[in-house]
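S.K.: One structure, as structure tokens, below. Some questions next.
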Amino acid sequence: MGVISHALVTGANGFIGSNLCAALRAHGVPVRALVLPGSDCSNIAGEGVDVVAADIAEPLSAEHFAGISHVFHLAAIALDWGPASLFERVNVQGTAHVLQGSIEGGVGHFIHMSSLAVHPYTGYTHGDEGAPRGSRMNAYTETKSRAEELVLSRQGEIRVTIVRPGVVPYGPGDRLSLPGILDALDRGIYAHVGGGNTLVSVSFVGNLVEGMILAATRESAVAQTYILSDDVVSWRGLIDAIADAFGKPRASRGVPFPLAWLAAALVESAYRLLPLRGVPPLTRYRISLFRGDLVFPPDKAARELGYHPPVGLEEGLRRTALWMRRNSAG
């Protein structure tokens, strides 16, 4: 099972998906990119990438999976706000459809991108793959947990592996997380919740996708779950490092955790009751990230896959800043 002869990537034009496509191409693997019809695929255009338009929320033809040795399932609604029906259709039913298509198409190995958000964020000083799952913070956490259960339930029909990135994935191609932080720093409105002293595991996307490829090529990875994180840093240290890498002013403001939690609850209530359009500027999920340490080291991946991420935070942020400057994203 060591060779990926032909890979299919769902969510291929997303942040992590586009980086995975590039890494697979660099390894000489032809890639079939499954993307939502009408999506912008300019970031995955290139030799070795065959773009196929299909909506995973609908049953998928086995023909999409013909000749595919490995499926990397990344497509998901990864937001902390939105209608529960959307998360159900994409994160749960979509996973079911990709699984079924993979099985019917004779795929050898299904690698599922999950999230550490499946664990209730109550604080972890040394969390691992066996930490309790089943977070019900919002539709995202709940459906990602159910998607994991769904994947594991089909492992008698197809080889499966689950991977969970660090709490904060970042790197070239990120058009959501870091741009939002940079905007808040520019506007002087970023505030360290609880002093910014709790610790968090992050994942540089280049390290992450290489870890996913390792998981896809190891027999020992079948029916296993792996955390693919790298640096552990305090939130204040992370935000300061981002500010320094991008030449932004460091944040100096702070807000106590209980006050931030209350404010988020009130904002959420206003958006539900009025109701207001769009995404709330503050949610309890975002504040829950600062409740306690969220340290999830990749010990199992290091031991079983030989996963030793080479790019550290400073270099990862340097590469990200360079990409954003080149692409006018920051």
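Letters for chains follow the order of the structure tokens (A, B, ...), residue numbers begin at 1 for each chain, and ligand numbers begin at 1 in the order shown.
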Counting only C-alpha atoms, which residues of segment 141-208 of chain A fall within 12 Å of segment 287-300 of chain A, and what is the closest atom pair for each with its distance in Å at one decimal, ordered by chain and rising number, as JSON lines?
M.R.:
```
{"residue": "A:Val163", "atom": "CA", "partner": "A:Pro298", "partner_atom": "CA", "distance": 10.6}
{"residue": "A:Arg164", "atom": "CA", "partner": "A:Pro298", "partner_atom": "CA", "distance": 9.8}
{"residue": "A:Pro165", "atom": "CA", "partner": "A:Phe296", "partner_atom": "CA", "distance": 9.3}
{"residue": "A:Gly166", "atom": "CA", "partner": "A:Phe296", "partner_atom": "CA", "distance": 7.1}
{"residue": "A:Val167", "atom": "CA", "partner": "A:Leu294", "partner_atom": "CA", "distance": 7.5}
{"residue": "A:Val168", "atom": "CA", "partner": "A:Leu289", "partner_atom": "CA", "distance": 10.0}
{"residue": "A:Ala191", "atom": "CA", "partner": "A:Ile287", "partner_atom": "CA", "distance": 11.3}
{"residue": "A:His192", "atom": "CA", "partner": "A:Phe290", "partner_atom": "CA", "distance": 9.0}
{"residue": "A:Val193", "atom": "CA", "partner": "A:Phe290", "partner_atom": "CA", "distance": 6.4}
{"residue": "A:Gly194", "atom": "CA", "partner": "A:Phe290", "partner_atom": "CA", "distance": 7.1}
{"residue": "A:Gly195", "atom": "CA", "partner": "A:Phe290", "partner_atom": "CA", "distance": 9.3}
{"residue": "A:Gly196", "atom": "CA", "partner": "A:Phe290", "partner_atom": "CA", "distance": 7.4}
{"residue": "A:Asn197", "atom": "CA", "partner": "A:Phe290", "partner_atom": "CA", "distance": 8.5}
{"residue": "A:Thr198", "atom": "CA", "partner": "A:Asp293", "partner_atom": "CA", "distance": 4.9}
{"residue": "A:Leu199", "atom": "CA", "partner": "A:Asp293", "partner_atom": "CA", "distance": 4.6}
{"residue": "A:Val200", "atom": "CA", "partner": "A:Leu294", "partner_atom": "CA", "distance": 4.7}
{"residue": "A:Ser201", "atom": "CA", "partner": "A:Val295", "partner_atom": "CA", "distance": 5.2}
{"residue": "A:Val202", "atom": "CA", "partner": "A:Val295", "partner_atom": "CA", "distance": 9.0}
{"residue": "A:Ser203", "atom": "CA", "partner": "A:Pro298", "partner_atom": "CA", "distance": 10.3}
{"residue": "A:Asn207", "atom": "CA", "partner": "A:Pro298", "partner_atom": "CA", "distance": 11.5}
{"residue": "A:Leu208", "atom": "CA", "partner": "A:Pro298", "partner_atom": "CA", "distance": 10.8}
```
S.K.: Dump N, CA and C atoms for the selected residues as a PDB file, in the first residue's frame?
M.R.:
```pdb
ATOM      1  N   VAL A 163      -7.267  12.017   9.961  1.00  0.00           N
ATOM      2  CA  VAL A 163      -6.231  12.947  10.403  1.00  0.00           C
ATOM      3  C   VAL A 163      -6.889  14.211  10.955  1.00  0.00           C
ATOM      4  N   ARG A 164      -6.270  14.748  12.003  1.00  0.00           N
ATOM      5  CA  ARG A 164      -6.740  15.988  12.612  1.00  0.00           C
ATOM      6  C   ARG A 164      -5.582  16.977  12.678  1.00  0.00           C
ATOM      7  N   PRO A 165      -5.696  18.113  12.006  1.00  0.00           N
ATOM      8  CA  PRO A 165      -4.643  19.129  12.083  1.00  0.00           C
ATOM      9  C   PRO A 165      -4.630  19.814  13.445  1.00  0.00           C
ATOM     10  N   GLY A 166      -3.604  20.632  13.672  1.00  0.00           N
ATOM     11  CA  GLY A 166      -3.585  21.464  14.869  1.00  0.00           C
ATOM     12  C   GLY A 166      -4.780  22.397  14.909  1.00  0.00           C
ATOM     13  N   VAL A 167      -4.995  23.016  16.045  1.00  0.00           N
ATOM     14  CA  VAL A 167      -6.147  23.900  16.228  1.00  0.00           C
ATOM     15  C   VAL A 167      -6.123  25.050  15.229  1.00  0.00           C
ATOM     16  N   VAL A 168      -4.929  25.526  14.900  1.00  0.00           N
ATOM     17  CA  VAL A 168      -4.779  26.648  13.964  1.00  0.00           C
ATOM     18  C   VAL A 168      -3.915  26.218  12.780  1.00  0.00           C
ATOM     19  N   ALA A 191      -7.871  41.790  20.909  1.00  0.00           N
ATOM     20  CA  ALA A 191      -7.690  41.768  22.359  1.00  0.00           C
ATOM     21  C   ALA A 191      -7.348  40.353  22.800  1.00  0.00           C
ATOM     22  N   HIS A 192      -6.335  40.216  23.620  1.00  0.00           N
ATOM     23  CA  HIS A 192      -5.942  38.910  24.148  1.00  0.00           C
ATOM     24  C   HIS A 192      -6.946  38.463  25.204  1.00  0.00           C
ATOM     25  N   VAL A 193      -7.632  37.366  24.939  1.00  0.00           N
ATOM     26  CA  VAL A 193      -8.621  36.848  25.879  1.00  0.00           C
ATOM     27  C   VAL A 193      -7.895  36.130  27.015  1.00  0.00           C
ATOM     28  N   GLY A 194      -8.214  36.534  28.236  1.00  0.00           N
ATOM     29  CA  GLY A 194      -7.576  35.928  29.399  1.00  0.00           C
ATOM     30  C   GLY A 194      -6.081  36.147  29.453  1.00  0.00           C
ATOM     31  N   GLY A 195      -5.617  37.204  28.827  1.00  0.00           N
ATOM     32  CA  GLY A 195      -4.189  37.509  28.828  1.00  0.00           C
ATOM     33  C   GLY A 195      -3.418  36.856  27.700  1.00  0.00           C
ATOM     34  N   GLY A 196      -4.068  35.953  26.977  1.00  0.00           N
ATOM     35  CA  GLY A 196      -3.390  35.282  25.867  1.00  0.00           C
ATOM     36  C   GLY A 196      -2.344  34.284  26.313  1.00  0.00           C
ATOM     37  N   ASN A 197      -2.495  33.768  27.537  1.00  0.00           N
ATOM     38  CA  ASN A 197      -1.455  32.908  28.103  1.00  0.00           C
ATOM     39  C   ASN A 197      -1.690  31.414  27.908  1.00  0.00           C
ATOM     40  N   THR A 198      -2.883  31.013  27.473  1.00  0.00           N
ATOM     41  CA  THR A 198      -3.111  29.587  27.242  1.00  0.00           C
ATOM     42  C   THR A 198      -2.362  29.148  25.990  1.00  0.00           C
ATOM     43  N   LEU A 199      -2.048  27.864  25.944  1.00  0.00           N
ATOM     44  CA  LEU A 199      -1.228  27.314  24.861  1.00  0.00           C
ATOM     45  C   LEU A 199      -2.107  26.667  23.796  1.00  0.00           C
ATOM     46  N   VAL A 200      -1.600  26.646  22.564  1.00  0.00           N
ATOM     47  CA  VAL A 200      -2.357  26.086  21.456  1.00  0.00           C
ATOM     48  C   VAL A 200      -1.405  25.398  20.473  1.00  0.00           C
ATOM     49  N   SER A 201      -1.865  24.294  19.893  1.00  0.00           N
ATOM     50  CA  SER A 201      -1.104  23.600  18.862  1.00  0.00           C
ATOM     51  C   SER A 201      -1.488  24.153  17.491  1.00  0.00           C
ATOM     52  N   VAL A 202      -0.492  24.395  16.667  1.00  0.00           N
ATOM     53  CA  VAL A 202      -0.747  24.913  15.321  1.00  0.00           C
ATOM     54  C   VAL A 202      -0.192  23.938  14.298  1.00  0.00           C
ATOM     55  N   SER A 203      -0.568  24.135  13.026  1.00  0.00           N
ATOM     56  CA  SER A 203      -0.074  23.291  11.937  1.00  0.00           C
ATOM     57  C   SER A 203       0.286  24.158  10.739  1.00  0.00           C
ATOM     58  N   ASN A 207       3.773  21.213   6.420  1.00  0.00           N
ATOM     59  CA  ASN A 207       3.991  20.051   7.276  1.00  0.00           C
ATOM     60  C   ASN A 207       2.773  19.132   7.257  1.00  0.00           C
ATOM     61  N   LEU A 208       1.609  19.744   7.345  1.00  0.00           N
ATOM     62  CA  LEU A 208       0.357  18.994   7.436  1.00  0.00           C
ATOM     63  C   LEU A 208       0.145  18.091   6.225  1.00  0.00           C
TER      64      LEU A 208
END
```
S.K.: Among segment 102-265 of chain A, which ones does DSSP place in alpha helix (DSSP H), written as a ChimeraX atom specification?
M.R.: /A:102-104,139-153,177-187,205-216,235-246,257-265
S.K.: Can you write out as CSV which residues of segment 50-94 of chain A fall within 12 Å of segment 282-285 of chain A, alongside each residue's closest atom pair and its distance in Å to one decimal, counting only C-alpha atoms and ordering rows by chain and ascending residue number?
M.R.:
```
residue,atom,partner,partner_atom,distance
A:Leu79,CA,A:Tyr285,CA,10.0
A:Asp80,CA,A:Tyr285,CA,6.7
A:Trp81,CA,A:Thr283,CA,8.1
A:Gly82,CA,A:Thr283,CA,11.6
```
S.K.: For C-alpha atoms, I'd like the residues from the last selection saved as a compact mmCIF listing (two decimals), in the first residue's frame.
M.R.:
```txt
# COMPACT_ATOMS: atom_id res chain seq x y z
CA LEU A 79 -17.36 27.69 9.83
CA ASP A 80 -18.59 28.36 13.34
CA TRP A 81 -21.92 29.81 12.23
CA GLY A 82 -24.59 28.86 9.73
```
S.K.: Nearest to Phe204 of chain A among A:Pro179, A:Pro310, A:Pro281, A:Gly94, with distances taken over only C-alpha atoms: which residue is it?
M.R.: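 Ranking A:Pro179, A:Pro310, A:Pro281, A:Gly94 by distance to Phe204 of chain A, first place goes to A:Pro310.
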S.K.: Could you work out how far atom CA of Thr10 of chain A lies from atom CA of Ala75 of chain A, giving the answer in Å with one decimal?
M.R.: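 Those two atoms sit 5.1 Å apart.
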S.K.: Excluding Val35 of chain A and any residue of its chain fewer than 4 positions from it, enumerate the residues within 7 Å of it, using only C-alpha atoms, and give them as a PyMOL selection string.
M.R.: chain A and resi 10-13+39+52-54
